[in-house]
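This is target-v1.txt. It holds compact mmCIF, C-alpha atoms.
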# COMPACT_ATOMS: atom_id res chain seq x y z
CA MET A 1 98.35 92.60 230.27
CA ILE A 2 98.94 93.92 226.78
CA LEU A 3 98.68 90.66 224.89
CA GLU A 4 96.09 88.17 226.06
CA SER A 5 95.25 84.64 225.03
CA GLU A 6 92.06 83.83 226.86
CA ASN A 7 90.52 82.40 223.71
CA ILE A 8 92.15 78.98 223.47
CA ARG A 9 89.49 76.59 222.20
CA ARG A 10 88.86 73.00 221.31
CA PRO A 11 88.74 73.42 217.53
CA GLU A 12 85.94 72.19 215.29
CA ALA A 13 86.56 71.10 211.71
CA LEU A 14 85.19 73.06 208.78
CA GLU A 15 82.80 71.38 206.39
CA PRO A 16 84.79 70.10 203.39
CA LEU A 17 84.64 71.98 200.10
CA ALA A 18 83.60 70.23 196.91
CA SER A 19 87.13 70.38 195.46
CA PRO A 20 89.73 70.71 198.23
CA ALA A 21 93.04 72.07 197.02
CA VAL A 22 96.26 70.13 197.48
CA VAL A 23 98.89 72.24 199.21
CA LYS A 24 102.39 71.09 200.12
CA LEU A 25 104.82 72.60 202.60
CA ASP A 26 107.67 70.37 203.72
CA PRO A 27 107.68 69.75 206.59
CA PRO A 28 103.97 70.46 207.18
CA PRO A 29 103.40 73.20 209.76
CA SER A 30 102.20 72.17 213.21
CA HIS A 31 101.73 75.63 214.75
CA ILE A 32 100.51 78.45 212.48
CA LEU A 33 100.18 82.13 213.38
CA VAL A 34 98.16 84.43 211.13
CA LYS A 35 98.57 88.17 211.66
CA GLU A 36 95.15 89.56 210.77
CA VAL A 37 94.42 92.90 209.14
CA ASN A 38 93.52 96.00 211.11
CA TRP A 39 90.08 97.08 209.85
CA LEU A 40 86.79 95.28 210.39
CA GLY A 41 85.78 95.22 206.73
CA ASP A 42 89.18 93.83 205.77
CA VAL A 43 88.87 91.13 208.44
CA VAL A 44 85.63 89.96 206.80
CA MET A 45 87.15 90.06 203.32
CA SER A 46 90.21 88.11 204.50
CA LEU A 47 88.07 85.26 205.88
CA PRO A 48 88.30 83.09 202.72
CA ALA A 49 92.12 83.16 202.97
CA LEU A 50 92.03 82.35 206.68
CA ARG A 51 89.56 79.52 206.16
CA ALA A 52 91.75 78.24 203.31
CA ILE A 53 94.66 77.95 205.75
CA ARG A 54 92.49 76.03 208.20
CA ARG A 55 91.33 73.65 205.46
CA ALA A 56 94.86 73.12 204.15
CA TRP A 57 96.25 72.25 207.60
CA PRO A 58 93.37 70.78 209.64
CA ARG A 59 95.68 69.17 212.23
CA ALA A 60 97.83 72.23 212.89
CA HIS A 61 97.31 74.59 215.82
CA LEU A 62 95.93 77.75 214.16
CA ALA A 63 96.22 81.04 216.05
CA VAL A 64 95.15 84.53 214.98
CA LEU A 65 96.98 87.66 216.17
CA ILE A 66 94.59 90.61 215.98
CA LYS A 67 93.96 94.03 217.48
CA LYS A 68 92.12 93.75 220.78
CA GLU A 69 89.12 95.78 219.60
CA LEU A 70 88.59 93.35 216.68
CA ALA A 71 89.27 90.10 218.53
CA SER A 72 85.64 89.31 219.32
CA SER A 73 85.07 88.95 215.55
CA PHE A 74 86.20 85.36 216.07
CA ASP A 75 84.22 84.54 219.23
CA GLY A 76 82.04 82.13 217.26
CA ALA A 77 84.80 80.68 215.07
CA ARG A 78 85.37 77.34 216.77
CA TRP A 79 87.58 76.23 213.86
CA ILE A 80 90.33 78.55 215.17
CA ASP A 81 92.40 77.14 218.03
CA GLU A 82 93.48 80.42 219.58
CA VAL A 83 92.76 84.13 219.28
CA ILE A 84 95.54 86.38 220.53
CA PRO A 85 94.37 89.97 221.10
CA TYR A 86 96.97 92.71 221.41
CA SER A 87 97.15 96.44 221.93
CA VAL A 88 100.01 98.90 221.44
CA GLY A 89 100.09 102.09 223.47
CA ARG A 90 101.24 105.47 222.30
CA GLY A 91 104.68 106.89 222.84
CA PHE A 92 107.29 105.18 224.98
CA SER A 93 104.85 102.63 226.43
CA GLY A 94 104.35 101.26 222.92
CA PHE A 95 107.98 100.11 222.86
CA PHE A 96 107.40 97.83 225.84
CA ASP A 97 104.08 96.65 224.42
CA ARG A 98 105.83 95.56 221.24
CA ARG A 99 108.51 93.72 223.20
CA ARG A 100 105.84 91.82 225.11
CA ILE A 101 103.99 90.91 221.90
CA VAL A 102 107.17 89.50 220.35
CA GLY A 103 107.94 87.59 223.55
CA GLU A 104 104.48 86.07 223.71
CA ILE A 105 104.68 84.98 220.07
CA ARG A 106 108.12 83.48 220.63
CA SER A 107 106.89 81.49 223.66
CA ARG A 108 104.33 79.67 221.51
CA ARG A 109 106.94 78.26 219.10
CA PHE A 110 105.06 78.79 215.85
CA ASP A 111 106.67 77.23 212.80
CA LEU A 112 104.72 79.21 210.18
CA GLY A 113 103.73 82.87 210.26
CA VAL A 114 101.34 84.28 207.65
CA LEU A 115 101.03 88.05 207.28
CA PHE A 116 97.80 89.49 205.92
CA PRO A 117 98.88 93.14 206.47
CA ASN A 118 101.64 94.52 204.27
CA SER A 119 103.36 96.43 207.07
CA PHE A 120 107.05 96.28 207.89
CA GLU A 121 106.23 96.01 211.60
CA SER A 122 104.15 92.85 211.27
CA ALA A 123 107.05 91.14 209.48
CA LEU A 124 109.49 92.41 212.09
CA TRP A 125 107.41 90.93 214.92
CA ILE A 126 107.33 87.39 213.54
CA THR A 127 111.00 87.57 212.51
CA MET A 128 112.10 88.65 215.97
CA ALA A 129 109.85 85.96 217.46
CA GLY A 130 111.92 83.30 215.68
CA ILE A 131 109.23 81.94 213.34
CA ARG A 132 111.33 80.28 210.65
CA ARG A 133 108.81 80.29 207.79
CA ARG A 134 107.26 83.68 207.14
CA ALA A 135 104.75 84.22 204.33
CA GLY A 136 103.43 87.48 202.91
CA PHE A 137 103.48 90.04 200.15
CA VAL A 138 106.80 91.74 199.45
CA ALA A 139 105.95 95.30 200.45
CA ASP A 140 107.07 98.12 202.75
CA ALA A 141 110.78 97.16 202.44
CA ARG A 142 110.25 93.87 204.28
CA GLY A 143 111.14 91.38 201.56
CA SER A 144 114.34 90.23 203.28
CA MET A 145 112.32 89.14 206.33
CA LEU A 146 110.01 86.86 204.33
CA THR A 147 110.90 83.28 203.42
CA LEU A 148 107.70 82.54 201.46
CA LYS A 149 107.22 85.56 199.24
CA ALA A 150 104.56 86.82 196.86
CA ALA A 151 104.62 89.91 194.69
CA PRO A 152 101.56 92.12 195.22
CA PRO A 153 99.50 92.63 192.06
CA GLU A 154 100.70 95.57 189.97
CA ALA A 155 97.19 96.82 189.31
CA VAL A 156 94.40 96.83 191.88
CA THR A 157 91.69 94.93 190.05
CA GLY A 158 88.94 92.57 191.07
CA HIS A 159 87.46 92.20 194.50
CA GLN A 160 89.65 92.69 197.57
CA VAL A 161 88.75 89.19 198.81
CA ASN A 162 91.02 87.79 196.09
CA TYR A 163 94.00 89.82 197.33
CA TRP A 164 94.75 87.66 200.39
CA LEU A 165 93.74 84.49 198.59
CA ALA A 166 96.35 85.31 195.93
CA MET A 167 99.00 85.72 198.62
CA VAL A 168 98.40 82.41 200.39
CA ARG A 169 98.21 80.67 197.03
CA ALA A 170 101.40 82.21 195.64
CA THR A 171 103.37 81.43 198.81
CA GLY A 172 102.23 77.80 198.80
CA VAL A 173 100.48 78.14 202.16
CA ALA A 174 96.93 77.33 201.05
CA ASP A 175 94.43 77.59 198.24
CA GLY A 176 90.80 78.52 198.66
CA ARG A 177 87.66 80.01 197.20
CA ALA A 178 86.32 83.56 197.34
CA ASP A 179 82.86 82.34 198.38
CA ASP A 180 84.18 80.63 201.54
CA PHE A 181 83.44 83.62 203.79
CA ALA A 182 80.91 82.35 206.32
CA ILE A 183 80.81 84.33 209.59
CA ASP A 184 80.24 82.33 212.75
CA VAL A 185 77.82 83.75 215.33
CA HIS A 186 78.66 83.16 219.00
CA GLU A 187 75.43 81.79 220.47
CA PRO A 188 75.83 83.43 223.92
CA HIS A 189 76.16 86.78 222.11
CA ARG A 190 73.04 86.03 220.09
CA ALA A 191 71.08 85.22 223.26
CA ARG A 192 72.23 88.48 224.87
CA MET A 193 71.38 90.58 221.81
CA ARG A 194 67.98 88.90 221.50
CA GLU A 195 67.24 89.98 225.08
CA TRP A 196 68.65 93.48 224.51
CA THR A 197 66.61 93.96 221.35
CA ALA A 198 63.39 92.74 223.00
CA ALA A 199 63.92 95.15 225.89
CA ASN A 200 64.41 98.14 223.57
CA ARG A 201 61.85 97.55 220.83
CA ASN A 202 58.75 99.68 220.38
CA ARG A 203 57.03 97.44 217.83
CA PRO A 204 57.76 93.81 218.69
CA GLY A 205 56.88 91.32 216.01
CA ARG A 206 57.37 93.75 213.15
CA PRO A 207 60.40 93.71 210.82
CA ILE A 208 63.58 95.23 212.22
CA PHE A 209 66.27 96.65 209.96
CA ALA A 210 69.82 97.60 210.87
CA ILE A 211 71.25 100.84 209.52
CA ALA A 212 74.93 101.81 209.77
CA PRO A 213 75.04 105.55 209.01
CA ALA A 214 78.74 106.16 209.70
CA ALA A 215 81.96 105.17 207.95
CA ALA A 216 85.42 105.43 209.46
CA TYR A 217 86.98 106.54 206.17
CA GLY A 218 85.25 109.91 205.99
CA PRO A 219 82.25 111.89 204.69
CA ALA A 220 82.74 110.83 201.07
CA LYS A 221 81.46 107.39 202.12
CA GLU A 222 78.58 108.67 204.28
CA TRP A 223 75.06 109.20 202.97
CA PRO A 224 73.65 112.37 204.64
CA ALA A 225 72.10 112.08 208.11
CA GLU A 226 68.86 113.75 206.99
CA SER A 227 68.53 111.18 204.21
CA TYR A 228 68.91 108.37 206.73
CA GLY A 229 66.23 110.05 208.85
CA ALA A 230 63.87 110.05 205.87
CA LEU A 231 64.75 106.40 205.22
CA ILE A 232 63.80 105.42 208.79
CA ASP A 233 60.42 107.14 208.39
CA LEU A 234 59.82 105.53 205.00
CA LEU A 235 60.57 102.06 206.40
CA ALA A 236 58.12 102.74 209.22
CA ARG A 237 55.36 103.86 206.82
CA ARG A 238 55.80 101.26 204.10
CA GLU A 239 56.86 98.21 206.11
CA ASP A 240 55.69 99.12 209.63
CA ALA A 241 59.32 98.39 210.45
CA GLU A 242 61.63 99.43 213.23
CA VAL A 243 65.28 100.45 212.85
CA VAL A 244 68.34 99.77 214.99
CA LEU A 245 71.35 102.00 214.35
CA VAL A 246 74.65 100.14 214.59
CA GLY A 247 78.28 101.14 214.64
CA ALA A 248 81.36 101.65 216.78
CA PRO A 249 81.24 103.56 220.09
CA SER A 250 82.89 106.51 218.31
CA GLU A 251 79.95 106.57 215.86
CA ARG A 252 77.24 106.92 218.50
CA ALA A 253 76.96 110.69 217.97
CA LYS A 254 76.32 110.13 214.27
CA CYS A 255 73.62 107.58 215.12
CA GLU A 256 71.99 110.03 217.53
CA GLU A 257 71.99 112.68 214.79
CA VAL A 258 70.28 110.27 212.40
CA ALA A 259 67.68 109.20 214.97
CA ALA A 260 66.91 112.86 215.69
CA ALA A 261 66.44 113.50 211.96
CA SER A 262 63.55 111.00 211.85
CA LYS A 263 60.00 111.21 213.20
CA ALA A 264 59.73 107.49 213.90
CA GLY A 265 62.99 107.34 215.87
CA ALA A 266 65.33 104.38 216.16
CA ILE A 267 67.04 102.09 218.65
CA ILE A 268 70.71 103.02 219.02
CA ALA A 269 73.05 100.05 219.47
CA ALA A 270 76.32 101.88 218.69
CA GLY A 271 78.41 101.83 221.83
CA HIS A 272 76.46 98.96 223.38
CA THR A 273 78.14 96.11 221.49
CA ASN A 274 81.57 94.72 220.79
CA ILE A 275 82.23 93.24 217.35
CA GLY A 276 81.06 89.75 218.35
CA GLU A 277 77.81 91.15 219.71
CA LEU A 278 77.38 93.31 216.61
CA ILE A 279 77.64 90.18 214.46
CA ALA A 280 74.98 88.52 216.63
CA LEU A 281 72.69 91.55 216.49
CA LEU A 282 72.90 91.76 212.70
CA SER A 283 72.11 88.05 212.44
CA LEU A 284 68.78 88.79 214.16
CA CYS A 285 67.78 91.58 211.75
CA ASP A 286 65.52 91.30 208.72
CA GLY A 287 67.87 93.37 206.59
CA PHE A 288 70.63 95.95 206.53
CA ILE A 289 71.15 99.31 204.81
CA GLY A 290 74.34 101.31 205.15
CA ASN A 291 77.50 102.84 203.78
CA ASP A 292 80.58 100.95 202.62
CA SER A 293 81.73 99.92 206.11
CA GLY A 294 82.67 97.00 208.32
CA CYS A 295 79.02 96.61 209.35
CA MET A 296 78.06 96.29 205.68
CA HIS A 297 80.60 93.53 205.12
CA ILE A 298 79.35 91.60 208.17
CA ALA A 299 75.71 91.88 207.10
CA GLY A 300 76.41 90.69 203.57
CA ALA A 301 78.50 87.75 204.73
CA LEU A 302 75.80 86.74 207.24
CA GLY A 303 73.40 86.36 204.34
CA ILE A 304 70.76 88.87 205.46
CA PRO A 305 69.34 91.19 202.76
CA THR A 306 71.98 93.92 202.45
CA VAL A 307 71.72 97.21 200.57
CA ALA A 308 75.06 99.02 200.34
CA ILE A 309 75.40 102.73 199.56
CA PHE A 310 78.64 103.55 197.71
CA GLY A 311 80.02 107.03 197.20
CA SER A 312 83.75 107.58 196.78
CA THR A 313 84.79 103.92 196.85
CA ASN A 314 84.62 101.22 194.20
CA PRO A 315 81.95 98.53 194.71
CA ASN A 316 83.77 96.21 192.31
CA ARG A 317 86.68 96.30 194.74
CA THR A 318 85.05 96.39 198.18
CA GLY A 319 81.38 95.58 197.60
CA PRO A 320 79.56 93.33 200.07
CA MET A 321 79.91 89.57 199.73
CA GLY A 322 76.94 87.32 200.17
CA PRO A 323 73.91 85.82 198.41
CA LYS A 324 71.51 88.73 199.15
CA THR A 325 73.38 91.93 198.42
CA ARG A 326 72.59 94.98 196.32
CA VAL A 327 74.81 97.99 195.71
CA ILE A 328 73.37 101.46 195.07
CA TYR A 329 76.03 103.49 193.28
CA ARG A 330 76.04 106.59 191.08
CA LYS A 331 79.05 106.24 188.82
CA LEU A 332 79.71 109.88 188.04
CA GLU A 333 82.57 111.12 185.86
CA CYS A 334 84.63 111.63 189.01
CA SER A 335 83.75 108.23 190.53
CA PRO A 336 85.27 106.35 192.18
CA CYS A 337 87.63 109.02 193.51
CA LEU A 338 88.61 107.02 196.64
CA ALA A 339 88.90 110.32 198.53
CA ARG A 340 87.80 111.02 202.10
CA THR A 341 86.16 114.30 201.12
CA CYS A 342 84.66 115.53 197.85
CA ARG A 343 87.12 117.81 196.08
CA PHE A 344 84.18 119.56 194.39
CA GLY A 345 82.22 119.90 197.62
CA HIS A 346 78.93 118.58 196.17
CA TYR A 347 78.94 114.88 197.16
CA LYS A 348 76.50 114.22 194.29
CA CYS A 349 77.46 110.54 194.20
CA LEU A 350 75.66 110.31 197.56
CA THR A 351 73.02 113.04 197.49
CA GLN A 352 71.49 111.75 194.24
CA ILE A 353 70.47 108.51 195.99
CA GLU A 354 66.88 108.60 197.25
CA PRO A 355 65.45 106.76 200.30
CA ALA A 356 62.72 105.13 198.19
CA GLU A 357 65.34 103.44 196.01
CA LEU A 358 66.89 101.80 199.07
CA VAL A 359 63.53 100.65 200.45
CA ASP A 360 62.53 99.24 197.06
CA ALA A 361 65.80 97.29 196.91
CA ILE A 362 65.55 95.73 200.37
CA VAL A 363 61.86 94.90 200.00
CA ALA A 364 62.58 93.17 196.68
CA MET A 365 65.32 91.06 198.29
CA ARG A 366 63.01 90.03 201.13
CA SER A 367 60.26 89.00 198.72
CA PRO A 368 59.85 85.20 198.37
CA HIS A 369 59.54 85.57 194.60

Can you turn what I pasted into C-alpha cells?
Amino acid sequence: MILESENIRRPEALEPLASPAVVKLDPPPSHILVKEVNWLGDVVMSLPALRAIRRAWPRAHLAVLIKKELASSFDGARWIDEVIPYSVGRGFSGFFDRRRIVGEIRSRRFDLGVLFPNSFESALWITMAGIRRRAGFVADARGSMLTLKAAPPEAVTGHQVNYWLAMVRATGVADGRADDFAIDVHEPHRARMREWTAANRNRPGRPIFAIAPAAAYGPAKEWPAESYGALIDLLARREDAEVVLVGAPSERAKCEEVAAASKAGAIIAAGHTNIGELIALLSLCDGFIGNDSGCMHIAGALGIPTVAIFGSTNPNRTGPMGPKTRVIYRKLECSPCLARTCRFGHYKCLTQIEPAELVDAIVAMRSPH
C-alpha cells in the first residue's frame, strides 16, 4: 500500500488564542487537505500556518498529506483529523504510486487543498484529484492550477515561519501567529523512550543532553566530530552529564564517529527512533546542542534549553523557535554563504566555535536565575 490512512482520529480542539483572526471563505470548507513540506525542519516551521488553518475552521475535517518517513511527526497532534502518509518509488513504479495518491485524494472529496510546498507536482496532484479550491504560492509554473493564489515574497527576509503564514493569509485561508508552534508529544512514544533511555543510561539521575551532530544539507552545517567529542567530555566533567546522540538512521555512522571521539562515550539513538519517538525522546532531555537541523527545530519548539550551532546558514532565517534558545554563530565576511561545502576549504565559521562556549550557554539557560 503506497498511500495509507491509518491515522484517522477523533480530533481535539486547540486552545483559543487571545485574538482569533476572522477568516472568510464562501462557502466554508468542510474537508481540508494540507500538503505538508518535505523536510523535518520545515515541517516544524510550518506548524503555525497549519495550526492557523485548524483554528480558522474548527469544524472542518483537516487532513495532512505528508511523506511516510515524516508522518509520525503528527502522532501526538490530536487536533488533526487524519494523517495521510505517502511514498513514491523510483522509476516506472513511481508513475503508479502517483496515480494511487491522486486516486486516494479524490476518494476523500476534499473541497479545499492548501499547498505548503512550491512544487508543480503537488499542485498537479490536488488538481487531478478534483479539489475545486486550491491555495498556494504561484511558483514552479503552476499558477494556472491554483484558484487561491499568493505571490511569493520577492526578497527572502525574516524568519521562515512567516513564509507559510503569509501564504495562508494572502489566500484568505487562515491567519495566525508565528509563536503558535507547539509540538505535541505522543504519550505512548514518551513511555517507550523513557524505558529505552533508562535501559541504556550509565549515570541515571544525572542530567542528560541530546546532541545532533549531523545535518542533511552538508558539511558546511556540521560542527566537526572531534569538537563534538570534546563537548561530550566537557559536559561529563562540568555537569556530570550524559549525552544521547540523535538523528536519522542515515546519520548513525556520524553519531558513532562522534561517540568514538569522546572519552566519556554517549548513548546512540540515531536509527532507533522514528520522528514521533525522536520528539518524545527530546522532550525527556535536559537540553539540546546541535547543528541547524530538524532535530534542532524540534528541541526549540518543545521548549527545552536549545543551543544551535550555525555555519553556512542564516539564523535570522532558520534559527530555532522557542522560549529557551540560543544561537552560536560566527558571522564572517563570507557568512552566510548558504553553501553545502566551504568554497575556501577552511570552515572557520564552524571551527572557531569552542565547546566551552556551548556548555556555558546551555548551563546559563538551565539556571533558575

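The residue that comes closest to Glu242 of chain A, out of A:Pro219, A:Gly94, A:Gly205, A:Pro213 and on the basis of all atoms listed in the file, is A:Gly205.
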
> Could you pull the residues within 9 Å of Ser312 of chain A, counting only C-alpha atoms, minus those fewer than 3 positions along the same chain, as number ranges by chain?
Replying inline: A: 220-221, 334-342, 347, 349-350

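Separating atom CA of Ala225 of chain A from atom CA of Arg237 of chain A is a distance of 18.7 Å.
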
> Could you name the residues that touch Ile309 of chain A at 9 Å or less, counting all atoms listed in the file, but leaving out those on the same chain fewer than 4 positions away, as an NGL selection string?
Replying inline: :A and (221-223 or 289-292 or 326-329 or 350 or 353 or 358)

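Proximity of A:Glu277, A:Asp233, A:Asp180, A:Glu82 to Gly247 of chain A, computed with only C-alpha atoms, is greatest for A:Glu277.
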
>> Report, in Å to a single decimal, how far apart atom CA of Phe92 of chain A and atom CA of Ser119 of chain A are.
In response: 20.3 Å

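As for atom CA of Lys254 of chain A and atom CA of His272 of chain A, they are spaced 14.4 Å apart.
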
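Among A:Met145, A:Val138, A:Leu124, A:Ala260, the residue with the shortest atom-to-atom distance to Thr171 of chain A, counting only C-alpha atoms, is A:Val138.
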
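Residues in contact with Trp164 of chain A at 9 Å, where only C-alpha atoms are counted and same-chain residues fewer than 3 positions away are skipped, are listed as Met45, Ser46, Leu47, Pro48, Ala49, Leu50, Phe116, Gln160, Val161, Met167, Val168 and Arg169 of chain A.
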
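Here the question is which of A:Pro204, A:Gly276, A:Gly113, A:Gly103 gets nearest to Arg132 of chain A using only C-alpha atoms, and that residue is A:Gly113.
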
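Counting only C-alpha atoms, the residue from A:His297, A:Arg134, A:His31, A:Lys68 that sits nearest to Arg108 of chain A is A:His31.
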
Your completed segment 212-229 of chain A with N, CA, C and O atoms, as a compact mmCIF listing (two decimals), in the coordinates of the input:
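After the write, result.txt holds the following:
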# COMPACT_ATOMS: atom_id res chain seq x y z
N ALA A 212 73.62 101.33 209.33
CA ALA A 212 74.93 101.81 209.77
C ALA A 212 75.20 103.13 209.05
O ALA A 212 75.61 103.13 207.89
N PRO A 213 74.96 104.27 209.71
CA PRO A 213 75.04 105.55 209.01
C PRO A 213 76.43 106.18 208.96
O PRO A 213 76.61 107.22 208.33
N ALA A 214 77.40 105.58 209.65
CA ALA A 214 78.74 106.16 209.70
C ALA A 214 79.71 105.31 208.90
O ALA A 214 79.44 104.16 208.55
N ALA A 215 80.87 105.89 208.62
CA ALA A 215 81.96 105.17 207.95
C ALA A 215 83.26 105.77 208.44
O ALA A 215 83.42 107.01 208.42
N ALA A 216 84.18 104.93 208.87
CA ALA A 216 85.42 105.43 209.46
C ALA A 216 86.26 106.21 208.46
O ALA A 216 87.02 107.11 208.84
N TYR A 217 86.10 105.94 207.18
CA TYR A 217 86.98 106.54 206.17
C TYR A 217 86.75 108.03 206.01
O TYR A 217 87.68 108.78 205.75
N GLY A 218 85.50 108.48 206.15
CA GLY A 218 85.25 109.91 205.99
C GLY A 218 83.92 110.20 205.33
O GLY A 218 83.19 109.30 204.92
N PRO A 219 83.57 111.49 205.19
CA PRO A 219 82.25 111.89 204.69
C PRO A 219 81.96 111.49 203.25
O PRO A 219 80.80 111.42 202.85
N ALA A 220 82.98 111.23 202.46
CA ALA A 220 82.74 110.83 201.07
C ALA A 220 82.17 109.42 200.96
O ALA A 220 81.80 108.98 199.88
N LYS A 221 82.10 108.71 202.09
CA LYS A 221 81.46 107.39 202.12
C LYS A 221 80.13 107.41 202.88
O LYS A 221 79.48 106.39 202.99
N GLU A 222 79.74 108.59 203.41
CA GLU A 222 78.58 108.67 204.28
C GLU A 222 77.40 109.36 203.60
O GLU A 222 77.48 110.55 203.25
N TRP A 223 76.32 108.62 203.41
CA TRP A 223 75.06 109.20 202.97
C TRP A 223 74.61 110.21 204.03
O TRP A 223 74.83 109.99 205.23
N PRO A 224 73.97 111.32 203.66
CA PRO A 224 73.65 112.37 204.64
C PRO A 224 72.72 111.89 205.76
O PRO A 224 71.83 111.05 205.55
N ALA A 225 72.90 112.46 206.94
CA ALA A 225 72.10 112.08 208.11
C ALA A 225 70.62 112.34 207.88
O ALA A 225 69.76 111.53 208.28
N GLU A 226 70.29 113.46 207.23
CA GLU A 226 68.86 113.75 206.99
C GLU A 226 68.24 112.74 206.03
O GLU A 226 67.04 112.43 206.13
N SER A 227 69.05 112.21 205.12
CA SER A 227 68.53 111.18 204.21
C SER A 227 68.27 109.88 204.97
O SER A 227 67.27 109.20 204.73
N TYR A 228 69.15 109.54 205.90
CA TYR A 228 68.91 108.37 206.73
C TYR A 228 67.66 108.56 207.59
O TYR A 228 66.89 107.62 207.82
N GLY A 229 67.45 109.79 208.09
CA GLY A 229 66.23 110.05 208.85
C GLY A 229 64.99 109.81 208.02
O GLY A 229 64.02 109.19 208.49
